[in-house]
Every structure is written in C-alpha cells, then in structure tokens.
file run_27.csv (CSV, C-alpha atoms)
chain,number,residue,atom,x,y,z
A,1,MET,CA,115.4,-121.9,-99.0
A,2,GLY,CA,112.4,-122.2,-101.3
A,3,SER,CA,111.0,-125.3,-103.0
A,4,ILE,CA,112.8,-124.6,-106.3
A,5,ASP,CA,116.1,-124.2,-104.5
A,6,SER,CA,115.6,-127.4,-102.6
A,7,TYR,CA,114.6,-129.3,-105.7
A,8,ILE,CA,117.7,-128.1,-107.7
A,9,LEU,CA,120.0,-128.6,-104.7
A,10,ARG,CA,118.8,-132.1,-104.1
A,11,THR,CA,119.0,-133.1,-107.7
A,12,THR,CA,122.5,-131.6,-108.1
A,13,LEU,CA,124.0,-133.2,-105.0
A,14,THR,CA,122.4,-136.6,-105.8
A,15,SER,CA,124.0,-136.5,-109.2
A,16,PHE,CA,127.3,-135.3,-107.7
A,17,ALA,CA,127.4,-138.2,-105.3
A,18,VAL,CA,126.7,-140.8,-108.1
A,19,VAL,CA,129.3,-139.2,-110.4
A,20,LEU,CA,131.9,-138.9,-107.6
A,21,ALA,CA,131.5,-142.5,-106.5
A,22,SER,CA,131.7,-143.7,-110.1
A,23,LEU,CA,134.8,-141.7,-111.1
A,24,THR,CA,136.6,-142.4,-107.8
A,25,GLY,CA,135.8,-146.1,-108.0
A,26,VAL,CA,137.1,-146.4,-111.6
A,27,ILE,CA,140.3,-144.4,-110.9
A,28,TRP,CA,140.9,-146.2,-107.6
A,29,ILE,CA,140.7,-149.6,-109.3
A,30,THR,CA,143.3,-148.6,-111.9
A,31,GLN,CA,145.6,-147.3,-109.2
A,32,ALA,CA,145.0,-150.3,-106.9
A,33,LEU,CA,145.9,-152.8,-109.6
A,34,ARG,CA,149.4,-151.3,-109.6
A,35,GLY,CA,149.8,-152.4,-106.0
A,36,ILE,CA,148.5,-155.9,-106.5
A,37,ASP,CA,152.0,-157.2,-105.8
A,38,LEU,CA,151.4,-156.4,-102.2
A,39,MET,CA,149.4,-159.6,-101.9
A,40,THR,CA,151.4,-161.7,-104.3
A,41,SER,CA,155.0,-160.8,-103.5
A,42,GLN,CA,154.6,-159.7,-99.9
A,43,GLY,CA,152.0,-162.2,-98.8
A,44,GLN,CA,149.4,-159.7,-97.6
A,45,THR,CA,145.7,-160.5,-97.2
A,46,ILE,CA,143.0,-158.9,-99.3
A,47,VAL,CA,141.9,-156.9,-96.2
A,48,THR,CA,145.3,-155.4,-95.9
A,49,PHE,CA,145.5,-154.7,-99.6
A,50,LEU,CA,142.1,-153.0,-99.7
A,51,GLY,CA,142.7,-151.1,-96.5
A,52,LEU,CA,146.1,-149.8,-97.7
A,53,THR,CA,144.9,-148.7,-101.2
A,54,SER,CA,141.7,-147.1,-99.9
A,55,MET,CA,143.8,-144.7,-97.9
A,56,ALA,CA,144.7,-142.9,-101.1
A,57,VAL,CA,141.0,-142.3,-102.1
A,58,PRO,CA,140.8,-138.9,-100.3
A,59,VAL,CA,143.7,-137.7,-102.5
A,60,LEU,CA,141.7,-138.7,-105.6
A,61,VAL,CA,138.6,-137.0,-104.3
A,62,LEU,CA,140.4,-133.6,-104.1
A,63,VAL,CA,140.9,-133.6,-107.8
A,64,ILE,CA,137.7,-135.5,-108.9
A,65,ALA,CA,135.2,-133.6,-106.7
A,66,PRO,CA,135.1,-130.3,-108.8
A,67,ILE,CA,135.0,-132.3,-112.0
A,68,ALA,CA,132.1,-134.5,-110.6
A,69,LEU,CA,130.3,-131.3,-109.6
A,70,MET,CA,130.7,-129.9,-113.1
A,71,ILE,CA,129.1,-133.0,-114.6
A,72,ALA,CA,126.3,-132.9,-112.0
A,73,VAL,CA,125.5,-129.3,-112.7
A,74,ALA,CA,125.5,-129.9,-116.5
A,75,HIS,CA,123.2,-132.9,-116.0
A,76,THR,CA,120.8,-130.9,-113.8
A,77,LEU,CA,120.7,-128.0,-116.2
A,78,ASN,CA,120.2,-130.3,-119.2
A,79,ARG,CA,117.4,-132.0,-117.4
A,80,LEU,CA,115.8,-128.6,-116.5
A,81,ALA,CA,116.1,-127.5,-120.1
A,82,THR,CA,114.7,-130.7,-121.6
A,83,ASP,CA,111.6,-130.4,-119.4
A,84,SER,CA,111.4,-126.7,-120.2
A,85,GLU,CA,111.7,-125.9,-116.5
A,86,VAL,CA,114.3,-123.2,-117.1
A,87,ILE,CA,112.0,-121.4,-119.5
A,88,VAL,CA,109.1,-121.6,-117.1
A,89,MET,CA,111.2,-120.3,-114.2
A,90,ASN,CA,112.5,-117.4,-116.4
A,91,ALA,CA,108.9,-116.6,-117.5
A,92,ALA,CA,107.9,-116.6,-113.8
A,93,GLY,CA,110.3,-113.8,-113.2
A,94,LEU,CA,113.3,-115.7,-111.9
A,95,SER,CA,116.5,-114.2,-113.2
A,96,PRO,CA,119.5,-116.4,-114.2
A,97,LEU,CA,121.4,-115.2,-111.1
A,98,ARG,CA,118.4,-116.3,-109.0
A,99,ILE,CA,118.5,-119.7,-110.6
A,100,LEU,CA,122.2,-119.9,-110.1
A,101,ARG,CA,121.8,-119.6,-106.3
A,102,PRO,CA,121.0,-123.3,-105.5
A,103,PHE,CA,123.9,-124.4,-107.7
A,104,MET,CA,126.2,-122.2,-105.7
A,105,PHE,CA,124.8,-123.8,-102.5
A,106,ALA,CA,125.8,-127.2,-103.9
A,107,ALA,CA,129.2,-125.7,-104.8
A,108,ALA,CA,129.5,-124.6,-101.1
A,109,VAL,CA,128.8,-128.1,-99.9
A,110,VAL,CA,131.4,-129.6,-102.2
A,111,ALA,CA,133.9,-126.8,-101.2
A,112,MET,CA,133.5,-127.7,-97.5
A,113,LEU,CA,134.0,-131.3,-98.3
A,114,VAL,CA,137.2,-130.5,-100.3
A,115,THR,CA,138.4,-128.3,-97.5
A,116,VAL,CA,138.1,-130.9,-94.8
A,117,ILE,CA,139.7,-133.6,-97.0
A,118,GLY,CA,142.6,-131.3,-98.0
A,119,ALA,CA,143.2,-130.0,-94.5
A,120,TYR,CA,143.1,-133.3,-92.6
A,121,VAL,CA,141.7,-136.4,-94.2
A,122,ALA,CA,144.0,-136.7,-97.2
A,123,PRO,CA,147.2,-136.1,-95.2
A,124,GLU,CA,146.1,-138.5,-92.5
A,125,GLY,CA,145.5,-141.2,-95.2
A,126,LEU,CA,148.9,-140.7,-96.7
A,127,ARG,CA,150.4,-140.8,-93.2
A,128,ARG,CA,148.7,-144.1,-92.5
A,129,ILE,CA,150.0,-145.5,-95.8
A,130,ASN,CA,153.5,-144.5,-94.8
A,131,ARG,CA,153.2,-146.1,-91.3
A,132,TRP,CA,151.5,-149.2,-92.7
A,133,ASP,CA,154.2,-149.6,-95.3
A,134,SER,CA,156.8,-149.4,-92.7
A,135,GLU,CA,155.1,-152.1,-90.6
A,136,ILE,CA,154.7,-154.4,-93.7
A,137,THR,CA,158.4,-153.9,-94.6
A,138,ALA,CA,159.5,-154.9,-91.1
A,139,ASP,CA,157.3,-158.0,-91.1
A,140,ILE,CA,159.6,-160.9,-91.8
A,141,LEU,CA,156.9,-163.4,-92.5
A,142,ALA,CA,155.1,-161.1,-94.9
A,143,ASN,CA,158.0,-159.5,-96.7
A,144,ILE,CA,161.1,-161.7,-96.7
A,145,LEU,CA,160.2,-165.3,-96.3
A,146,GLN,CA,158.1,-166.0,-99.4
A,147,PRO,CA,157.5,-169.7,-100.3
A,148,GLY,CA,159.4,-170.9,-103.4
A,149,ARG,CA,161.5,-167.7,-103.7
A,150,PHE,CA,165.2,-167.0,-103.1
A,151,ALA,CA,165.1,-163.9,-101.0
A,152,GLN,CA,168.4,-162.0,-100.8
A,153,LEU,CA,168.3,-160.1,-97.5
A,154,GLU,CA,171.6,-158.4,-98.2
A,155,THR,CA,174.8,-159.0,-100.1
A,156,ASN,CA,175.9,-162.7,-99.8
A,157,LEU,CA,172.9,-163.7,-97.7
A,158,THR,CA,170.1,-165.7,-99.3
A,159,ILE,CA,167.2,-167.5,-97.7
A,160,ARG,CA,164.6,-169.8,-99.4
A,161,VAL,CA,161.4,-171.4,-97.9
A,162,ARG,CA,159.7,-174.2,-99.7
A,163,GLU,CA,156.3,-174.0,-98.1
A,164,ARG,CA,154.5,-172.1,-95.4
A,165,GLN,CA,151.9,-173.9,-93.4
A,166,PRO,CA,149.2,-172.8,-90.9
A,167,GLY,CA,150.5,-171.5,-87.6
A,168,GLY,CA,153.5,-169.9,-89.1
A,169,LEU,CA,155.4,-173.1,-89.7
A,170,LEU,CA,158.0,-172.8,-92.5
A,171,VAL,CA,158.9,-176.1,-94.2
A,172,GLY,CA,162.1,-176.7,-96.2
A,173,VAL,CA,164.3,-173.8,-95.1
A,174,PHE,CA,167.6,-173.2,-96.9
A,175,ILE,CA,170.1,-170.5,-95.9
A,176,ASP,CA,173.3,-169.5,-97.7
A,177,ASP,CA,175.5,-167.1,-95.7
A,178,ARG,CA,178.7,-165.8,-97.3
A,179,ARG,CA,178.9,-162.5,-95.4
A,180,ASP,CA,182.2,-163.5,-93.7
A,181,PRO,CA,184.9,-163.7,-96.4
A,182,LYS,CA,186.7,-166.3,-94.4
A,183,GLU,CA,183.9,-168.9,-94.4
A,184,ARG,CA,180.7,-169.9,-96.0
A,185,ILE,CA,177.8,-171.4,-94.1
A,186,SER,CA,174.9,-173.4,-95.7
A,187,ILE,CA,172.0,-174.4,-93.5
A,188,ILE,CA,169.2,-176.9,-94.5
A,189,ALA,CA,166.4,-177.5,-92.1
A,190,ASP,CA,163.3,-179.5,-92.2
A,191,HIS,CA,161.1,-176.8,-90.7
A,192,GLY,CA,161.3,-173.6,-88.7
A,193,THR,CA,159.4,-170.8,-87.1
A,194,VAL,CA,160.0,-167.1,-86.5
A,195,LEU,CA,160.3,-166.1,-82.9
A,196,LYS,CA,160.1,-162.5,-81.7
A,197,ASN,CA,161.0,-161.5,-78.1
A,198,ASN,CA,162.8,-158.7,-76.2
A,199,ASP,CA,166.2,-159.9,-77.5
A,200,GLY,CA,165.1,-159.6,-81.2
A,201,SER,CA,163.8,-161.7,-84.0
A,202,PHE,CA,165.1,-165.2,-84.7
A,203,LEU,CA,164.5,-167.9,-87.3
A,204,VAL,CA,164.3,-171.0,-85.1
A,205,LEU,CA,165.3,-174.0,-87.3
A,206,GLU,CA,164.7,-177.7,-86.3
A,207,ASP,CA,166.0,-181.0,-87.7
A,208,GLY,CA,168.6,-179.8,-90.1
A,209,THR,CA,172.3,-179.7,-91.0
A,210,LEU,CA,174.9,-176.9,-91.0
A,211,GLN,CA,177.8,-176.9,-93.4
A,212,ARG,CA,180.8,-174.6,-92.7
A,213,PHE,CA,183.3,-174.0,-95.5
A,214,GLU,CA,186.4,-172.3,-94.2
A,215,THR,CA,189.0,-170.7,-96.4
A,216,GLY,CA,192.2,-172.8,-96.6
A,217,LYS,CA,190.5,-176.1,-95.6
A,218,ARG,CA,189.6,-178.8,-98.1
A,219,ASP,CA,186.7,-180.5,-96.4
A,220,PRO,CA,183.7,-178.7,-94.9
A,221,ALA,CA,182.6,-179.1,-91.3
A,222,LEU,CA,179.2,-180.7,-91.1
A,223,VAL,CA,177.0,-180.4,-88.0
A,224,ALA,CA,173.6,-182.0,-87.5
A,225,PHE,CA,171.3,-180.1,-85.2
A,226,GLY,CA,167.9,-180.6,-83.6
A,227,ARG,CA,167.4,-176.9,-82.9
A,228,TYR,CA,169.2,-173.8,-84.2
A,229,ALA,CA,168.4,-170.1,-83.9
A,230,PHE,CA,169.4,-167.8,-86.8
A,231,ASP,CA,169.4,-164.1,-85.8
A,232,MET,CA,167.2,-162.0,-88.0
A,233,SER,CA,166.9,-158.9,-85.8
A,234,LYS,CA,168.8,-156.8,-88.3
A,235,PHE,CA,166.1,-157.4,-90.9
A,236,SER,CA,163.0,-156.9,-88.8
A,237,ARG,CA,163.6,-153.4,-87.5
A,238,ALA,CA,160.9,-150.9,-88.6
A,239,ARG,CA,162.4,-148.0,-90.5
A,240,ASP,CA,161.9,-144.5,-89.1
A,241,VAL,CA,158.7,-142.9,-90.5
A,242,SER,CA,159.2,-139.4,-91.9
A,243,TYR,CA,156.4,-137.4,-93.4
A,244,GLY,CA,156.7,-135.6,-96.7
A,245,ILE,CA,155.1,-132.3,-97.8
A,246,ARG,CA,151.9,-133.9,-99.0
A,247,GLU,CA,151.5,-135.7,-95.7
A,248,ARG,CA,151.5,-132.5,-93.7
A,249,TYR,CA,148.2,-131.1,-92.4
A,250,LEU,CA,147.1,-127.7,-93.7
A,251,TRP,CA,148.0,-125.9,-90.4
A,252,GLU,CA,151.4,-127.4,-90.6
A,253,LEU,CA,151.9,-125.9,-94.0
A,254,ILE,CA,150.6,-122.5,-93.0
A,255,TRP,CA,152.6,-122.4,-89.7
A,256,PRO,CA,155.6,-124.8,-90.2
A,257,PRO,CA,157.9,-125.4,-87.2
A,258,ALA,CA,161.0,-123.3,-87.4
A,259,ASP,CA,163.2,-126.3,-86.7
A,260,ASP,CA,161.6,-128.5,-89.4
A,261,PRO,CA,164.6,-129.7,-91.6
A,262,LEU,CA,162.3,-130.3,-94.6
A,263,TYR,CA,160.9,-126.8,-94.4
A,264,ALA,CA,164.4,-125.4,-94.1
A,265,ARG,CA,165.4,-127.3,-97.2
A,266,LEU,CA,162.2,-126.8,-99.4
A,267,PRO,CA,160.4,-123.7,-98.3
A,268,ASN,CA,158.9,-123.0,-101.7
A,269,GLN,CA,157.4,-126.5,-102.0
A,270,PHE,CA,155.8,-126.0,-98.6
A,271,ARG,CA,154.2,-122.7,-99.8
A,272,THR,CA,153.2,-124.2,-103.1
A,273,GLU,CA,151.4,-127.1,-101.4
A,274,MET,CA,149.7,-124.7,-99.0
A,275,HIS,CA,148.3,-122.6,-101.9
A,276,GLU,CA,147.2,-125.7,-103.7
A,277,ARG,CA,145.2,-126.8,-100.6
A,278,LEU,CA,143.7,-123.3,-100.2
A,279,LEU,CA,142.8,-123.1,-103.9
A,280,ALA,CA,141.1,-126.5,-104.0
A,281,PRO,CA,137.8,-125.2,-102.4
A,282,ILE,CA,137.5,-122.4,-105.0
A,283,TYR,CA,137.4,-124.8,-108.0
A,284,PRO,CA,133.8,-126.0,-107.3
A,285,PHE,CA,132.5,-122.4,-107.5
A,286,VAL,CA,134.5,-121.7,-110.7
A,287,PHE,CA,133.3,-124.9,-112.4
A,288,THR,CA,129.7,-124.3,-111.3
A,289,ALA,CA,129.7,-120.7,-112.7
A,290,LEU,CA,131.4,-121.8,-115.9
A,291,THR,CA,128.9,-124.6,-116.5
A,292,PHE,CA,125.9,-122.3,-115.8
A,293,ALA,CA,127.3,-119.6,-118.1
A,294,PHE,CA,127.3,-122.1,-121.0
A,295,LEU,CA,124.2,-124.1,-120.2
A,296,GLY,CA,122.0,-122.2,-117.7
A,297,LEU,CA,120.5,-119.4,-119.8
A,298,PRO,CA,117.1,-120.1,-121.4
A,299,ARG,CA,117.2,-120.8,-125.1
A,300,THR,CA,114.9,-122.0,-127.9
A,301,THR,CA,114.7,-125.6,-129.0
A,302,ARG,CA,116.4,-124.5,-132.3
A,303,GLN,CA,119.5,-123.5,-130.4
A,304,SER,CA,121.7,-126.5,-130.1
A,305,ARG,CA,123.2,-127.4,-126.7
A,306,ASN,CA,125.9,-129.6,-128.1
A,307,PHE,CA,128.2,-126.7,-128.6
A,308,SER,CA,127.5,-125.4,-125.1
A,309,ILE,CA,128.3,-128.8,-123.6
A,310,ALA,CA,131.5,-129.1,-125.6
A,311,GLY,CA,132.5,-125.5,-124.7
A,312,THR,CA,131.9,-126.3,-121.0
A,313,ILE,CA,134.2,-129.4,-121.1
A,314,ILE,CA,136.9,-127.6,-123.1
A,315,THR,CA,136.9,-124.5,-120.9
A,316,VAL,CA,136.9,-126.5,-117.6
A,317,PHE,CA,139.8,-128.6,-118.9
A,318,LEU,CA,141.8,-125.5,-119.9
A,319,VAL,CA,141.2,-123.8,-116.6
A,320,ARG,CA,142.2,-126.9,-114.6
A,321,LEU,CA,145.2,-127.5,-116.8
A,322,ALA,CA,146.3,-123.9,-116.3
A,323,GLY,CA,145.9,-124.4,-112.6
A,324,PHE,CA,148.1,-127.5,-112.6
A,325,ALA,CA,150.7,-125.6,-114.7
A,326,CYS,CA,150.7,-122.7,-112.2
A,327,SER,CA,151.1,-125.1,-109.3
A,328,ILE,CA,154.1,-126.7,-110.9
A,329,ALA,CA,155.7,-123.4,-111.8
A,330,ALA,CA,155.1,-122.0,-108.3
A,331,ALA,CA,157.6,-124.5,-106.9
A,332,GLY,CA,160.3,-122.4,-108.5
A,333,ASN,CA,158.6,-119.0,-108.3
A,334,LEU,CA,155.7,-118.3,-105.8
A,335,TRP,CA,154.4,-115.5,-108.1
A,336,PHE,CA,152.7,-118.2,-110.1
A,337,ALA,CA,150.5,-119.0,-107.1
A,338,GLY,CA,149.2,-115.4,-107.4
A,339,VAL,CA,148.6,-116.0,-111.1
A,340,GLN,CA,146.4,-119.0,-110.2
A,341,TYR,CA,144.3,-116.9,-107.8
A,342,LEU,CA,143.9,-114.3,-110.5
A,343,LEU,CA,143.0,-116.9,-113.0
A,344,LEU,CA,140.2,-118.3,-110.8
A,345,THR,CA,138.8,-115.0,-109.7
A,346,THR,CA,138.8,-113.7,-113.3
A,347,THR,CA,137.1,-116.8,-114.6
A,348,ILE,CA,134.3,-116.8,-112.0
A,349,GLY,CA,133.9,-113.0,-112.4
A,350,LEU,CA,133.5,-113.2,-116.1
A,351,SER,CA,131.1,-116.1,-115.8
A,352,ILE,CA,128.8,-114.2,-113.4
A,353,TRP,CA,129.0,-111.2,-115.7
A,354,LEU,CA,127.8,-113.2,-118.6
A,355,ILE,CA,125.0,-114.7,-116.6
A,356,ALA,CA,123.9,-111.4,-115.2
A,357,HIS,CA,123.8,-109.8,-118.7
A,358,HIS,CA,121.9,-112.8,-120.2
A,359,VAL,CA,124.7,-113.5,-122.7
A,360,VAL,CA,124.0,-116.8,-124.4
A,361,ILE,CA,127.4,-118.3,-125.5
A,362,GLU,CA,126.9,-119.6,-129.1
A,363,PRO,CA,129.2,-120.3,-132.0
A,364,PRO,CA,129.4,-117.8,-134.8
A,365,ALA,CA,126.7,-118.3,-137.4
A,366,ARG,CA,129.2,-118.8,-140.2
A,367,LEU,CA,131.0,-121.4,-138.3
A,368,MET,CA,127.8,-123.4,-137.8
A,369,GLU,CA,126.9,-123.0,-141.5
A,370,PHE,CA,130.3,-124.3,-142.4
A,371,ILE,CA,130.0,-127.3,-140.0
A,372,ASN,CA,126.4,-128.1,-141.2
A,373,SER,CA,127.4,-127.9,-144.9
A,374,THR,CA,130.4,-130.1,-144.3
A,375,LEU,CA,128.3,-132.7,-142.5
A,376,ALA,CA,125.7,-132.6,-145.3
A,377,SER,CA,128.4,-133.0,-147.9
A,378,LEU,CA,129.9,-136.0,-146.1
A,379,THR,CA,126.4,-137.5,-145.8
A,380,ARG,CA,125.8,-137.2,-149.5
A,381,ARG,CA,129.1,-138.8,-150.4
A,382,ARG,CA,128.4,-141.7,-148.1
A,383,LEU,CA,125.0,-142.2,-149.7
A,384,ARG,CA,126.5,-142.2,-153.1
A,385,ALA,CA,129.2,-144.6,-152.1
A,386,ALA,CA,126.7,-147.0,-150.6
A,387,PRO,CA,125.9,-150.0,-152.8
A,388,PRO,CA,122.4,-150.0,-154.4
call {"tool": "encode", "arguments": {"input": "run_27.csv", "output": "structure tokens"}}
result
Amino acid sequence: MGSIDSYILRTTLTSFAVVLASLTGVIWITQALRGIDLMTSQGQTIVTFLGLTSMAVPVLVLVIAPIALMIAVAHTLNRLATDSEVIVMNAAGLSPLRILRPFMFAAAVVAMLVTVIGAYVAPEGLRRINRWDSEITADILANILQPGRFAQLETNLTIRVRERQPGGLLVGVFIDDRRDPKERISIIADHGTVLKNNDGSFLVLEDGTLQRFETGKRDPALVAFGRYAFDMSKFSRARDVSYGIRERYLWELIWPPADDPLYARLPNQFRTEMHERLLAPIYPFVFTALTFAFLGLPRTTRQSRNFSIAGTIITVFLVRLAGFACSIAAAGNLWFAGVQYLLLTTTIGLSIWLIAHHVVIEPPARLMEFINSTLASLTRRRLRAAPP
C-alpha cells in the first residue's frame, strides 16, 4: 500500500470512528432514556442500567456503520477537493478508480466489523439482555418490594413496604391476602427480610400482627407474632429464557436445527433475517461507491459541490429505504430478498461505471439557472422589504 493509500485510508477510518461513536452515542442515549424506569421502578443501580442498555449498542452499529462510513468518505473527499489534492492526483496520472481503491479498503474494514457484529456480537448482546431481564424480573428485592408502593403480585394479593434500609432490611411491611375466598388475611409487621434457601424464598416478618377475617364470622382473629415467614417462592422463580429470531447467531440462521419449533413455525422469518445479516456487509461498499461517484471526480472551483452532497444523501437514503422495504416484504415472499441483492449489485455496478468513465454528476444547466434566478429574485424582494 502506497503513501497515498495509507493517507486516505487513515483519514477515512479516523473520520469513520469519530462519526460512528457520535451517532451511536446520541442514538443510544435516546434509547436508554426509555428504559430509565429500570432504576426508578425496579430499584436497579446505575451500573446495571448502563450494562443492560449498552448490550443493545451492537445492534445500532449494524445500521449506523454504513451511514457513518458514507459521512466519513464524503468528509475525506471534500477535504481532498478543498486542498486541490484530487486535482493534483489526477494530474499525476492517478485515475478515479485508482483513487477509489483506498476508500474500498476502508469499506472492507467496516464490512468485516459489520460481519462480526451481525454474526455473533449483536445476537450475543440481545441474549444477555434477555437473560439479564429474566434475572431482574425474578429478583424480589429489585422488582416487587418497592418502598412506598402497593405492589400487586397477583389477583387479591398486595404488598407494601414503607422503607428499605441497608442490609436488606424492609421497614413497615403490609400484606393484604384475599386469594382464599373463604378468608382474608392482613399482616402488619415492623420490619422484615427476604430469605432465600433450598426450600424457596420467604419474606421473614418480625414484630407484627396478623388479622384473619373468616367468612360467616363477625369478629376477626388477631394474632401477634414475633417472627412469621410468608412464602414468596412462587414469585421468585426465573422464567424460562427463549431466544427469538434476532437473538440467533448467523450459523443458526443458515443451518437451523430441524427440531426447532420457532423455525418450524416461522421459516420465512428465519431466511429473511439470514439474508439481512448477509447483506449488511455489502452496504459499506455500496455507500462508498455511491459517495465517490458523486464527490470523487475532479472538478473546477466553479462547479458547486452542494448538489453533489445533497445527491449523495438523497441517493443513499433511497437505497437504504428500499433495502428496508425489501427486508419487510421478504417476510411474506423470499423473492424480495433477491430483489435486494439485485438492487445493491446494480447500484455499485452503476457507480463504478460512472467513476470509470469520468462522468461528473451535475444538475441540468436549466435547473441551476432556475434555482439561481429564484434565489436572486427572493434576495431582491427581501432587500426591498427591508426598512431604510
């Protein structure tokens, strides 16, 4: 790799890393704010919250990485054009396809990153979220016994804890149990703790009273106790963890087990997700070629680059939107997955043809004259309307 290739590759990858980190951080924050109730309503720590939400970052990277690469390539090409480096390289005998080569190297690096994330990292992150959520749901202290709240564990069973102190001490415990239609039990205890052992999970209450209201009796039975164990094993069992289609590794999508009930029920969705993972590494090459076709060819200073930048953004948006549409439609008809392959290969082939034939994509002259005349007219009207 020559010095020019190293310079362009280093500049592009540096810009890509900055853009990827920025976009991922912004989108991650907006997504993480939706799960802020994990700390407030379920009593989790900030470490648990950050760890759980960060597991979804690889899924964001799968979509953001090609877009970040497009921005990085556009930034690098604009920098080369501003410093007249593109014109100098062209005058030195480097063809546009030769200049495109280091950008394709950068696209290959991003494609490998996307491949690894899509095949293993993203599904593993989603699996950990699933397992972690199961553990949190099964944690009585974190999920059920929230201070100051009436928690309805099931129909006709309500528990309230006034305060939680260090060491797991629960102060001011109230239990209203009406599950048995023949009686109603109300328990008030000064304090209690949660005990987990081989027999199950128990809420051990101390220094309290138990009132039993039986049907047909006028007065309740009142019992004062020094220590009472309320069985909560039913509410602390971790649910069985089952993995969805997005949580399957790539090789599990390509070669699903024959006895997989989810695959037997949704075979098209399996194939759609597989094609989506296989297509993800192609998008960096497509977006790189598209961006270079609009911005990579040498041009004079009189030729505006604004249209090229706008054209790049619009074209990339339309290609990615068409890809999403094909992925959704492929769930009902797998032929649309083939349409997406055809779309990407046609786009990259057309872009390389334009680059090889030195075709500068510019708007029609009449369109630019119309836009310039319209802007000039609006400027004159604004000046006339301005107070003297």
call {"tool": "residues_around", "arguments": {"input": "run_27.csv", "residues": "segment 210-217 of chain A", "least_positions_apart": "4", "cutoff": "6 Å", "atoms": "all atoms listed in the file", "output": "VMD selection string"}}
result
chain A and resid 182 to 187 221 to 223
call {"tool": "atom_distance", "arguments": {"input": "run_27.csv", "atom1": "atom CA of Gly208 of chain A", "atom2": "atom CA of Leu170 of chain A"}}
result
12.9 Å
call {"tool": "closest_residue", "arguments": {"input": "run_27.csv", "among": "A:Thr347, A:Asn197, A:Asn156, A:Thr115", "to": "Thr288 of chain A", "atoms": "only C-alpha atoms"}}
result
A:Thr347
call {"tool": "atom_distance", "arguments": {"input": "run_27.csv", "atom1": "atom CA of Ile99 of chain A", "atom2": "atom CA of Thr82 of chain A"}}
result
16.0 Å
call {"tool": "atom_distance", "arguments": {"input": "run_27.csv", "atom1": "atom CA of Arg149 of chain A", "atom2": "atom CA of Thr53 of chain A"}}
result
25.4 Å
call {"tool": "residues_around", "arguments": {"input": "run_27.csv", "residues": "Val204 of chain A", "least_positions_apart": "3", "cutoff": "10 Å", "atoms": "all atoms listed in the file", "output": "PyMOL selection string"}}
result
chain A and resi 170+189+191-195+201+227-232
call {"tool": "write_last_selection", "arguments": {"input": "run_27.csv", "atoms": "C-alpha atoms", "output": "PDB file, in the coordinates of the input"}}
result
ATOM      1  CA  LEU A 170     158.000-172.800 -92.500  1.00  0.00           C
ATOM      2  CA  ALA A 189     166.400-177.500 -92.100  1.00  0.00           C
ATOM      3  CA  HIS A 191     161.100-176.800 -90.700  1.00  0.00           C
ATOM      4  CA  GLY A 192     161.300-173.600 -88.700  1.00  0.00           C
ATOM      5  CA  THR A 193     159.400-170.800 -87.100  1.00  0.00           C
ATOM      6  CA  VAL A 194     160.000-167.100 -86.500  1.00  0.00           C
ATOM      7  CA  LEU A 195     160.300-166.100 -82.900  1.00  0.00           C
ATOM      8  CA  SER A 201     163.800-161.700 -84.000  1.00  0.00           C
ATOM      9  CA  ARG A 227     167.400-176.900 -82.900  1.00  0.00           C
ATOM     10  CA  TYR A 228     169.200-173.800 -84.200  1.00  0.00           C
ATOM     11  CA  ALA A 229     168.400-170.100 -83.900  1.00  0.00           C
ATOM     12  CA  PHE A 230     169.400-167.800 -86.800  1.00  0.00           C
ATOM     13  CA  ASP A 231     169.400-164.100 -85.800  1.00  0.00           C
ATOM     14  CA  MET A 232     167.200-162.000 -88.000  1.00  0.00           C
TER      15      MET A 232
END
call {"tool": "closest_residue", "arguments": {"input": "run_27.csv", "among": "A:Leu262, A:Met274, A:Val86, A:Leu77", "to": "Ala119 of chain A", "atoms": "all atoms listed in the file"}}
result
A:Met274
call {"tool": "residues_around", "arguments": {"input": "run_27.csv", "residues": "Thr315 of chain A", "least_positions_apart": "5", "cutoff": "9 Å", "atoms": "all atoms listed in the file", "output": "PDB file with C-alpha atoms, keeping the file's coordinate frame"}}
result
ATOM      1  CA  LEU A 290     131.400-121.800-115.900  1.00  0.00           C
ATOM      2  CA  ALA A 310     131.500-129.100-125.600  1.00  0.00           C
ATOM      3  CA  ARG A 320     142.200-126.900-114.600  1.00  0.00           C
TER       4      ARG A 320
END
call {"tool": "closest_residue", "arguments": {"input": "run_27.csv", "among": "A:Arg382, A:Ile352, A:Gly118, A:Phe202", "to": "His275 of chain A", "atoms": "all atoms listed in the file"}}
result
A:Gly118
call {"tool": "residues_near_point", "arguments": {"input": "run_27.csv", "point": "(171.5, -166.6, -100.7)", "cutoff": "7 Å", "atoms": "only C-alpha atoms", "output": "list in words"}}
result
Phe150, Ala151, Gln152, Asn156, Leu157, Thr158, Ile159, Ile175, Asp176 and Asp177 of chain A
call {"tool": "residues_near_point", "arguments": {"input": "run_27.csv", "point": "(164.7, -177.2, -96.3)", "cutoff": "6 Å", "atoms": "only C-alpha atoms", "output": "VMD selection string"}}
result
chain A and resid 172 to 174 188 to 190
